[in-house]
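Visitor: Have a look at this one before I ask anything.
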Amino acid sequence: MTAPAISAAAPAPAPTPSLPATTWLSIFLRLLAIQGAWNYETLLGNGIGFCVEPALRQLPGGVHGAAFKEAMARESAYFNAHPYLASVAVGALARAELSGVPADRIERFRTALAGPLGSVGDRLVWAGWLPFTSLVSLAAFGLGARPLLVVGLFLVLYNAGHFALRIWGLRVGWTRGLAVAPALGNPLLRGGPAHLGRAAAAAAGVALPLAAARVLAGGPSLLTIVLLGAALLSVLLVRVHVRVEAYKLALILIALFALLSVAR
Amino acid sequence: MRELLPLSLLGAVVGLDVVCFPQMMYSRPLVAATLAGAFVGDAMRGMLVGVVLELIAIATLPFGASRYPEWGSAAVVGGALSATLPADRAGVVTLGVLSALGTAWVGGWTLVKLRQWNARLARNRRRALDAGARGAVIGLQLAGLTGDLVRAGLLTAVAYALFFPLAARLSVHWSFSGPLSRSVVMMLATSVAASAAWVIFHSARGARWYFAGGVVAGLLLLLAR
């Protein structure tokens with residue numbers, strides 16, 4: 001676990017500098033585009049520099065000052081994190097730079113923070129919140145909801161969590177600065193993935209038969225055949241550990257089915 | 001194909017959401033295919049394609065540097081195609097799903113190429129970045145965003161222009177019935193989603209019982225309707 005290392009290296013937080021509301025707005029909007037220049041060499045690094053930049057303008061000498069340029073160079077170097085939880089890093093790094101924390105300490109902090117922000121975010125969002133909200137919306141579809149309601153439900157539910165996480169991250173990063181590590185031990189971040197996993201498993205159980213029934217729009221016998229076939233096939237997929245990705249397998253099988261249908 | 005230009009614009013905006021901006025997940029197949037269907041006049045048929053794709057997409061976890069299919073533009077192609085073909089033809093949902101899966105595969109490859117292009121741009125600006133040049137950082141970010149928008153728009157345009165005539169021809173010669181066609185696609189999608197749910201959630205304590213309970217609840221709801 002990397003978090004204690006961050007905590008050990010963290011100094012007592014300096015008095016919080018202040019930023020104008022327009023700067024906060026600018027940082028937040030930029031956070032939505034943090035992956036704009038994502039690449040295999042610096043990963044999220046350029047995005048971090050891009051998001052911190054409005055805050056760095058407050059440094060002595062402004063955008064033409066040496067402090068600004070040194071900070072920009074530091075903040076645009078390699079960094080990796082989940083895009084939503086990168087807001088924690090942006091808030092903490094902005095505060096550290098404006099508080100005049102020495103460069104080597106900021107660099108060590110950046111290195112230590114990257115791992116936890118990536119793994120926590122991936123488990124919480126990509127493997128938890130996203131499939132959960134998707135399955136809830138599929139259940140709503142299966143229950144007969146109209147397209148606008150299904151789409152609206154998904155977007156509102158998903159983005160409530162999405163924006164809450166970004167705002168929380170920016171706030172906690174800014175208020176705690178380099179001492180942000182304990183915040184990553186927040187019960188929601190630690191226990192959230194397991195709770196979401198159980199909720200999503202239940203949602204999957206509800207959604208799959210309901211969604212299948214609505215797409216098929218046939219009688220109970222057809223639905224029974226499809227669900228039994230899907231159950232057998234899914235057990236096979238899990239047991240055999242098929243090396244090919246699921247969507248490619250689906251593509252190949254549906255293409256063969258289409259060929260058969262046309263050639264018959 | 002009067003719809004090609006507006007669909008390409010929709011595909012561009014939706015494709016941009018996958019990674020670059022703003023990741024609000026309107027690029028999820030359930031949303032993007034429904035939007036595309038609504039664009040060409042039949043949201044419900046777009047949604048049917050979106051539901052099937054969403055079930056398959058649950059198996060894809062977009063972790064960091066991993067390579068994954070680009071569902072946004074792909075769902076626009078599949079949803080629009082299915083909603084544009086004559087409704088009385090049996091295989092339209094299947095053909096929509098098939099086109100989307102093919103587009104998603106190629107879309108994943110284009111995302112890799114975009115990331116390599118971003119890296120090349122960053123290498124070329126290394127000196128300016130090391131000097132803390134504000135313009136270099138912002139310029140790279142804007143170039144990446146623009147590149148992704150163009151990538152997604154072109155992908156949608158090319159995929160739709162290729163797949164629409166092909167799907168129109170195939171749908172004329174489609175011999176399987178509508179229920180059989182949907183059954184095969186739905187069986188595959190449901191099995192992918194169920195196996196993905198197991199792989200993703202089985203480590204959570206008691207998840208299998210929650211899943212079993214959910215299935216019972218789902219079946220009871222079906223019986224009650």
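In the structure tokens, the first chain shown is A, the next is B, and so on; residue numbers restart at 1 for each chain, and ligands run from 1 in the order shown.
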For chain A against chain B, with a cut-off of 6 Å and counting only C-alpha atoms, what is the closest atom pair and its distance in Å to one decimal for every residue that makes the cut, ordered by chain and number, as a Markdown table?

Guide:
```
| residue | atom | partner | partner_atom | distance |
| --- | --- | --- | --- | --- |
| A:Leu32 | CA | B:Pro22 | CA | 4.7 |
| A:Ala33 | CA | B:Phe21 | CA | 4.7 |
| A:Gln35 | CA | B:Cys20 | CA | 4.9 |
| A:Gly36 | CA | B:Cys20 | CA | 4.6 |
| A:Ala37 | CA | B:Gly144 | CA | 4.6 |
| A:Asn39 | CA | B:Arg115 | CA | 4.5 |
| A:Lys69 | CA | B:Gly132 | CA | 4.2 |
| A:Glu70 | CA | B:Gly132 | CA | 5.8 |
| A:Met72 | CA | B:Gly132 | CA | 4.7 |
| A:Ala73 | CA | B:Gly132 | CA | 4.0 |
| A:Trp126 | CA | B:Leu61 | CA | 6.0 |
| A:Val151 | CA | B:Val31 | CA | 5.5 |
| A:Ala194 | CA | B:Ala204 | CA | 5.0 |
| A:Gly197 | CA | B:Phe201 | CA | 4.9 |
| A:Arg198 | CA | B:Ala207 | CA | 4.8 |
| A:Ala201 | CA | B:Phe211 | CA | 4.6 |
| A:Ala202 | CA | B:Phe211 | CA | 4.4 |
| A:Gly205 | CA | B:Gly214 | CA | 4.0 |
| A:Val206 | CA | B:Gly218 | CA | 4.1 |
| A:Val226 | CA | B:Met187 | CA | 5.3 |
| A:Ala230 | CA | B:Ser191 | CA | 4.4 |
| A:Leu233 | CA | B:Ser191 | CA | 5.7 |
| A:Ser234 | CA | B:Ser191 | CA | 4.4 |
| A:Val238 | CA | B:Ser195 | CA | 5.8 |
| A:Leu251 | CA | B:Leu101 | CA | 5.8 |
| A:Ser261 | CA | B:Ser175 | CA | 5.1 |
| A:Val262 | CA | B:Trp174 | CA | 4.9 |
```

Visitor: Check the DSSP output for the backbone and give back, as a PyMOL selection string, the residues of range 30-192 of chain B in helix (DSSP H, G or I).

Guide: chain B and resi 30-39+43-57+71-84+92-124+126-130+134-172+178-192

Visitor: Generate a file of the selected residues that holds C-alpha atoms, formatted as a compact mmCIF listing (two decimals), in the first residue's frame.

Guide:
```txt
# COMPACT_ATOMS: atom_id res chain seq x y z
CA LEU B 30 -27.37 2.41 -24.31
CA VAL B 31 -27.30 6.19 -24.70
CA ALA B 32 -25.42 6.67 -27.97
CA ALA B 33 -27.40 4.11 -29.99
CA THR B 34 -30.70 5.51 -28.68
CA LEU B 35 -29.61 9.06 -29.57
CA ALA B 36 -28.60 7.90 -33.05
CA GLY B 37 -31.92 6.11 -33.48
CA ALA B 38 -33.76 9.24 -32.39
CA PHE B 39 -31.64 11.27 -34.84
CA ALA B 43 -35.32 5.95 -30.89
CA MET B 44 -36.78 2.59 -29.89
CA ARG B 45 -34.99 0.60 -32.58
CA GLY B 46 -31.78 2.45 -31.76
CA MET B 47 -32.33 1.51 -28.14
CA LEU B 48 -32.77 -2.19 -28.95
CA VAL B 49 -29.31 -2.18 -30.53
CA GLY B 50 -28.04 -0.11 -27.60
CA VAL B 51 -29.33 -2.62 -25.04
CA VAL B 52 -27.62 -5.54 -26.77
CA LEU B 53 -24.35 -3.59 -27.10
CA GLU B 54 -24.55 -2.36 -23.50
CA LEU B 55 -24.77 -5.95 -22.28
CA ILE B 56 -21.66 -6.82 -24.28
CA ALA B 57 -19.89 -3.60 -23.21
CA TRP B 71 -18.28 2.00 -28.06
CA GLY B 72 -19.44 5.59 -28.63
CA SER B 73 -19.05 6.06 -32.39
CA ALA B 74 -19.77 2.36 -32.89
CA ALA B 75 -23.13 2.62 -31.13
CA VAL B 76 -24.06 5.63 -33.26
CA VAL B 77 -23.36 3.59 -36.41
CA GLY B 78 -25.28 0.53 -35.16
CA GLY B 79 -28.24 2.43 -33.72
CA ALA B 80 -28.70 4.66 -36.77
CA LEU B 81 -28.29 1.81 -39.22
CA SER B 82 -30.88 -0.33 -37.48
CA ALA B 83 -33.32 2.57 -37.21
CA THR B 84 -32.90 3.53 -40.89
CA VAL B 92 -32.14 -5.22 -38.80
CA VAL B 93 -31.26 -5.36 -35.09
CA THR B 94 -28.73 -8.12 -35.72
CA LEU B 95 -27.14 -6.16 -38.56
CA GLY B 96 -27.03 -3.02 -36.41
CA VAL B 97 -25.26 -4.92 -33.65
CA LEU B 98 -22.87 -6.54 -36.11
CA SER B 99 -21.91 -3.19 -37.69
CA ALA B 100 -21.42 -1.64 -34.27
CA LEU B 101 -19.18 -4.47 -33.07
CA GLY B 102 -17.02 -4.17 -36.19
CA THR B 103 -16.80 -0.40 -35.76
CA ALA B 104 -15.97 -0.75 -32.07
CA TRP B 105 -13.07 -3.06 -32.91
CA VAL B 106 -11.62 -0.64 -35.47
CA GLY B 107 -12.41 2.26 -33.13
CA GLY B 108 -10.22 0.69 -30.45
CA TRP B 109 -7.37 0.58 -32.93
CA THR B 110 -7.89 4.26 -33.86
CA LEU B 111 -7.70 5.20 -30.16
CA VAL B 112 -4.31 3.48 -29.92
CA LYS B 113 -3.11 5.40 -32.99
CA LEU B 114 -4.36 8.68 -31.50
CA ARG B 115 -2.45 8.01 -28.28
CA GLN B 116 0.70 7.27 -30.27
CA TRP B 117 0.18 10.51 -32.21
CA ASN B 118 -0.25 12.40 -28.92
CA ALA B 119 3.03 10.90 -27.69
CA ARG B 120 4.81 11.96 -30.89
CA LEU B 121 3.49 15.53 -30.50
CA ALA B 122 4.66 15.58 -26.87
CA ARG B 123 8.12 14.31 -27.88
CA ASN B 124 8.38 17.06 -30.48
CA ARG B 126 9.75 18.15 -25.15
CA ARG B 127 12.08 21.13 -24.91
CA ALA B 128 9.21 23.59 -24.50
CA LEU B 129 7.50 21.33 -21.95
CA ASP B 130 10.69 20.99 -19.92
CA ARG B 134 2.28 27.27 -20.91
CA GLY B 135 1.47 27.36 -24.64
CA ALA B 136 3.01 23.93 -25.20
CA VAL B 137 0.91 22.30 -22.47
CA ILE B 138 -2.34 23.92 -23.62
CA GLY B 139 -1.50 23.34 -27.28
CA LEU B 140 -0.94 19.62 -26.73
CA GLN B 141 -4.19 19.33 -24.85
CA LEU B 142 -6.16 21.11 -27.59
CA ALA B 143 -4.42 19.10 -30.33
CA GLY B 144 -5.33 15.87 -28.57
CA LEU B 145 -8.95 16.91 -28.11
CA THR B 146 -9.26 18.04 -31.73
CA GLY B 147 -7.57 14.89 -32.97
CA ASP B 148 -10.02 12.74 -31.04
CA LEU B 149 -13.02 14.70 -32.31
CA VAL B 150 -11.84 14.30 -35.91
CA ARG B 151 -10.97 10.63 -35.34
CA ALA B 152 -14.43 9.82 -34.01
CA GLY B 153 -16.21 11.82 -36.73
CA LEU B 154 -14.24 10.16 -39.53
CA LEU B 155 -14.69 6.72 -38.00
CA THR B 156 -18.47 7.22 -37.83
CA ALA B 157 -18.63 8.55 -41.39
CA VAL B 158 -16.51 5.80 -42.93
CA ALA B 159 -18.16 3.00 -40.94
CA TYR B 160 -21.69 4.19 -41.73
CA ALA B 161 -20.88 4.74 -45.40
CA LEU B 162 -19.46 1.21 -45.63
CA PHE B 163 -21.91 -0.69 -43.45
CA PHE B 164 -25.20 0.94 -44.46
CA PRO B 165 -25.25 -0.27 -48.10
CA LEU B 166 -23.88 -3.65 -47.06
CA ALA B 167 -26.48 -4.08 -44.33
CA ALA B 168 -29.25 -2.92 -46.68
CA ARG B 169 -28.27 -5.65 -49.17
CA LEU B 170 -27.91 -8.32 -46.50
CA SER B 171 -31.27 -7.45 -44.96
CA VAL B 172 -32.99 -8.13 -48.30
CA GLY B 178 -37.06 -11.92 -36.59
CA PRO B 179 -37.56 -13.86 -33.31
CA LEU B 180 -34.75 -16.30 -34.15
CA SER B 181 -32.39 -13.49 -35.14
CA ARG B 182 -33.05 -11.56 -31.95
CA SER B 183 -32.83 -14.73 -29.86
CA VAL B 184 -29.34 -15.59 -31.08
CA VAL B 185 -28.03 -12.05 -30.54
CA MET B 186 -29.70 -11.73 -27.16
CA MET B 187 -28.46 -15.12 -25.98
CA LEU B 188 -24.90 -14.12 -26.84
CA ALA B 189 -25.18 -10.67 -25.25
CA THR B 190 -26.80 -12.00 -22.07
CA SER B 191 -24.15 -14.70 -21.69
CA VAL B 192 -21.36 -12.13 -22.14
```

Visitor: Report, in Å to a single decimal, how far apart CA of Leu208 in chain A and CA of Val235 in chain A are.

Guide: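 That distance, rounded to one decimal, is 14.9 Å.
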
Visitor: Quick one: residues within 9 Å of range 182-191 of chain A, only C-alpha atoms counted, chain neighbours fewer than 3 positions away excluded, as a PDB file with C-alpha atoms, in the first residue's frame?

Guide:
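Saved to result-v8.pdb:
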```
ATOM      1  CA  ALA A   3      -0.720   5.623   1.022  1.00  0.00           C
ATOM      2  CA  PRO A   4       1.297   5.400   4.295  1.00  0.00           C
ATOM      3  CA  SER A   7       1.592  10.216   4.788  1.00  0.00           C
ATOM      4  CA  PRO A 116      -3.439   4.660  -5.265  1.00  0.00           C
ATOM      5  CA  LEU A 117      -5.426   7.159  -7.340  1.00  0.00           C
ATOM      6  CA  VAL A 120      -8.910   3.022  -6.211  1.00  0.00           C
ATOM      7  CA  GLY A 121     -10.607   4.848  -9.075  1.00  0.00           C
ATOM      8  CA  LEU A 124     -14.713   2.193  -7.656  1.00  0.00           C
ATOM      9  CA  VAL A 172     -10.136  17.298  -0.383  1.00  0.00           C
ATOM     10  CA  GLY A 173      -6.938  17.692  -2.402  1.00  0.00           C
ATOM     11  CA  ARG A 176      -5.382  18.758   2.747  1.00  0.00           C
ATOM     12  CA  ALA A 179      -1.427  15.441   3.710  1.00  0.00           C
ATOM     13  CA  ALA A 194     -17.341  -4.288  -2.433  1.00  0.00           C
ATOM     14  CA  HIS A 195     -20.776  -2.758  -1.705  1.00  0.00           C
ATOM     15  CA  LEU A 196     -21.137  -1.716  -5.326  1.00  0.00           C
TER      16      LEU A 196
END
```

Visitor: For Phe79 in chain A, find every residue with an atom within 10 Å (counting only C-alpha atoms), except residues of its own chain fewer than 6 positions away, and show them as a PyMOL selection string.

Guide: chain A and resi 41-49+86+89+110-111+113-115

Visitor: Just the number, please: distance in Å from CA of Ala67 in chain A to CA of Glu53 in chain A, one decimal.

Guide: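 Going from CA of Ala67 in chain A over to CA of Glu53 in chain A, I get 12.1 Å.
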
Visitor: Restricting the calculation to only C-alpha atoms, which member of A:Leu165, A:Leu138, A:Ala55, A:Ala255 is positioned closest to Ala213 in chain A?

Guide: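 So, comparing all the options, the nearest one is A:Leu138.
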
Visitor: Can you tell me how far CA of Ala21 in chain A sits from CA of Ala81 in chain A, in Å to one decimal?

Guide: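 Distance between the two atoms: 25.6 Å.
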
Visitor: Near range 99-104 of chain A, counting only C-alpha atoms, which residues have an atom at most 9 Å away, once you skip same-chain residues fewer than 4 positions from it, shown as a list in words?

Guide: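 What passes the distance filter is Ala14, Pro15, Thr16, Pro17, Glu70, Ala71, Arg74, Ala94, Arg95, Arg108 and Phe109 of chain A.
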